[in-house]
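Trainee: One structure coming up, written as structure tokens, with questions to follow.
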Amino acid sequence: MKKNIKRVLSFVLAVLIVLNITGCKKKDSNELIVGATSVPHAELLNLVKSDFEASGYKLTIKEFSDYTLLNPALKDGSLDVNFFQHKPYLDQYNEQNSSKNKLASVAEIHIEPIGIYSGKKTDLANITGSSITIPNDPTNGGRALLFLQSLGYITLKDNCGITPTIVDIKTNNSNLTFKELDAASIPTNRNESDFAIINTNYALEHKIDPKTALSKETNSPYANILAVKEKDVNDAKVLKLVEVLKTQKVIDYINTTYSGAVVPAFTK
């Protein structure tokens with residue numbers, strides 16, 4: 001019996017030692033962990049991975065299907081950088097969360113014009129009286145409403161800024177009704193309404209050709225950014241990632257791969 005107890009205690013001690021060693025393992029100081037949604041963000045990161053690592057750094061790319069997890073992961077230190085959002089979304093996140101560890105933009109990389117896509121109906125000439133699915137988060141929902149206003153279907157109240165909501169609709173001459181869903185789920189639920197406003201990255205992820213959009217946003221101020229904690233805006237690894245992303249190589253890849261569904265937010 002004593003021998004069995006000793007064996008058990010030895011086993012438990014060995015397990016605790018292993019757990020302690022693995023638990024205390026420190027992150028490589030040359031490693032940059034970047035969280036991103038898959039298309040086009042992770043694709044662009046993979047494009048420049050070898051260029052980044054040629055400088056002696058290591059790039060770890062973690063793909064997220066739920067974009068709402070990316071800012072909390074950056075804030076709690078699970079990520080060093082994230083790449084999925086535009087500045088209005090980041091600003092709203094900072095406003096709604098603690099002032100500690102605020103997040104900041106370090107570079108604008110590309111723009112993904114949103115579009116209105118067919119659902120039960122296929123022609124915007126028949127839009128009067130239609131239902132439209134729009135994103136339910138304030139920034140993308142507001143962006144969708146501003147887009148509809150630019151098309152002349154609604155007007156919004158004055159001074160509602162870039163995050164208007166449905167209650168800010170001043171006139172609705174096309175007699176539209178709205179359904180609000182999580183932006184990522186709209187592509188798979190687009191046929192529940194007559195039309196759907198879809199973010200281009202989610203259209204691409206769901207194999208929806210952005211060229212099939214019935215109308216697309218123009219002159220968009222919603223550039224997608226690299227975001228970090230404020231304290232890391234001048235970190236050498238972060239600046240190197242910005243450098244390898246803002247290249248002619250990336251411009252050419254965007255222009256040839258996405259055919260206008262994604263456009264560069266910088267020039268060389």
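Following the order of the structure tokens, first chain is A, next is B, and so on, with residues numbered from 1 inside each chain and ligands from 1 in the order they appear.
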Give me, as a compact mmCIF listing (two decimals) with C-alpha atoms, in the first residue's frame, the residues of stretch 25-85 of chain A that a backbone DSSP run labels helix (DSSP H, G or I).
Mentor:
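Printed below is selection_20.txt as written:
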# COMPACT_ATOMS: atom_id res chain seq x y z
CA SER A 38 -10.18 35.41 -42.50
CA VAL A 39 -10.99 37.38 -45.67
CA PRO A 40 -9.20 39.53 -46.63
CA HIS A 41 -7.40 40.27 -43.39
CA ALA A 42 -5.71 36.93 -42.66
CA GLU A 43 -5.02 36.49 -46.37
CA LEU A 44 -3.09 39.78 -46.45
CA LEU A 45 -1.17 38.84 -43.32
CA ASN A 46 -0.18 35.50 -44.81
CA LEU A 47 0.91 37.32 -47.96
CA VAL A 48 3.50 39.36 -46.03
CA LYS A 49 4.42 36.76 -43.38
CA SER A 50 7.74 35.83 -45.00
CA ASP A 51 8.63 39.51 -45.54
CA PHE A 52 7.98 40.23 -41.87
CA GLU A 53 9.92 37.21 -40.67
CA TYR A 67 -15.14 39.57 -34.83
CA THR A 68 -16.62 40.74 -31.51
CA LEU A 69 -13.92 38.73 -29.68
CA LEU A 70 -10.98 40.49 -31.30
CA ASN A 71 -10.90 43.74 -29.33
CA PRO A 72 -11.30 42.01 -25.94
CA ALA A 73 -8.49 39.61 -26.90
CA LEU A 74 -6.25 42.55 -27.80
CA LYS A 75 -7.12 44.35 -24.62
Trainee: Write out as a list in words the residues lying within 12 Å of A:Thr155, counting only C-alpha atoms and excluding same-chain residues fewer than 3 positions away.
Mentor: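 These residues fall inside the cut-off: Leu145, Leu146, Phe147, Leu148, Gln149, Ser150, Leu151, Gly152, Asp158, Cys160, Pro164, Thr165, Ile166, Val167, Asp168, Ile169, Lys170, Thr171, Asn172, Asn173, Ser174, Asn175 and Leu176 of chain A.
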Trainee: Any idea what the distance is between atom CA of A:Asn234 and atom CA of A:Ile251?
Mentor: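 Atom CA of A:Ile251 lies 23.8 Å from atom CA of A:Asn234.
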Trainee: Do you have the atom CA of A:Asp80-atom CA of A:His110 distance handy?
Mentor: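 Between atom CA of A:Asp80 and atom CA of A:His110 the gap is 19.9 Å.
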Trainee: Name all residues at most 7 Å from stretch 95-102 of chain A (count only C-alpha atoms; drop same-chain ones fewer than 4 positions away) and give them as a ChimeraX atom specification.
Mentor: /A:75,91,229-230
Trainee: Can you write out the residues you just picked, keeping C-alpha atoms, as a tab-separated table (two decimals), in the first residue's frame?
Mentor:
chain	number	residue	atom	x	y	z
A	75	LYS	CA	-7.12	44.35	-24.62
A	91	ASP	CA	-13.77	54.52	-31.47
A	229	LYS	CA	-2.89	49.00	-27.34
A	230	GLU	CA	-1.99	52.68	-27.12
Trainee: Pick out the closest residue to A:Pro138 from this set: A:Val106, A:Glu243, A:Pro88, A:Leu204. Count only C-alpha atoms.
Mentor: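 Ranked by minimum distance to A:Pro138, first place goes to A:Pro88.
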Trainee: Mind checking which residues fall within 9 Å of A:Lys246, counting only C-alpha atoms, ignoring those fewer than 4 positions away in the same chain, and posting them as number ranges by chain?
Mentor: A: 107-109, 241-242, 250-251, 266-268
Trainee: Please report the interatomic distance between atom CA of A:Leu226 and atom CA of A:Ile134 in Å with one decimal.
Mentor: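 We find that atom CA of A:Leu226 and atom CA of A:Ile134 lie 24.9 Å from each other.
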Trainee: As a PyMOL selection string, which residues of stretch 4-183 of chain A does DSSP assign to strand (DSSP E)?
Mentor: chain A and resi 31-36+58-63+81-86+103-111+115-118+131-135+155-156+169-171+177-181
Trainee: Considering only C-alpha atoms, can you say which of A:Asp76, A:Asp209, A:Asp235, A:Asp28 comes closest to A:Ala261?
Mentor: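 Residue with the minimum atom-to-atom distance to A:Ala261: A:Asp209.
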Trainee: Which residue, A:Asn82, A:Ser105, A:Thr200, A:Asn189, has the smallest gap to A:Thr212 when you use only C-alpha atoms?
Mentor: A:Thr200
Trainee: Which residue, A:Ser185, A:Asp123, A:Leu245, A:Tyr93, has the smallest gap to A:Ser65 when you use only C-alpha atoms?
Mentor: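 Among A:Ser185, A:Asp123, A:Leu245, A:Tyr93, it is A:Ser185 that comes nearest to A:Ser65.
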Trainee: Report as a ChimeraX atom specification all protein, DNA and RNA residues lying within 9 Å of A:Leu32, evaluated on only C-alpha atoms, omitting residues in the same chain fewer than 2 positions from it.
Mentor: /A:28-30,34,57-61,79-81,237-238,241
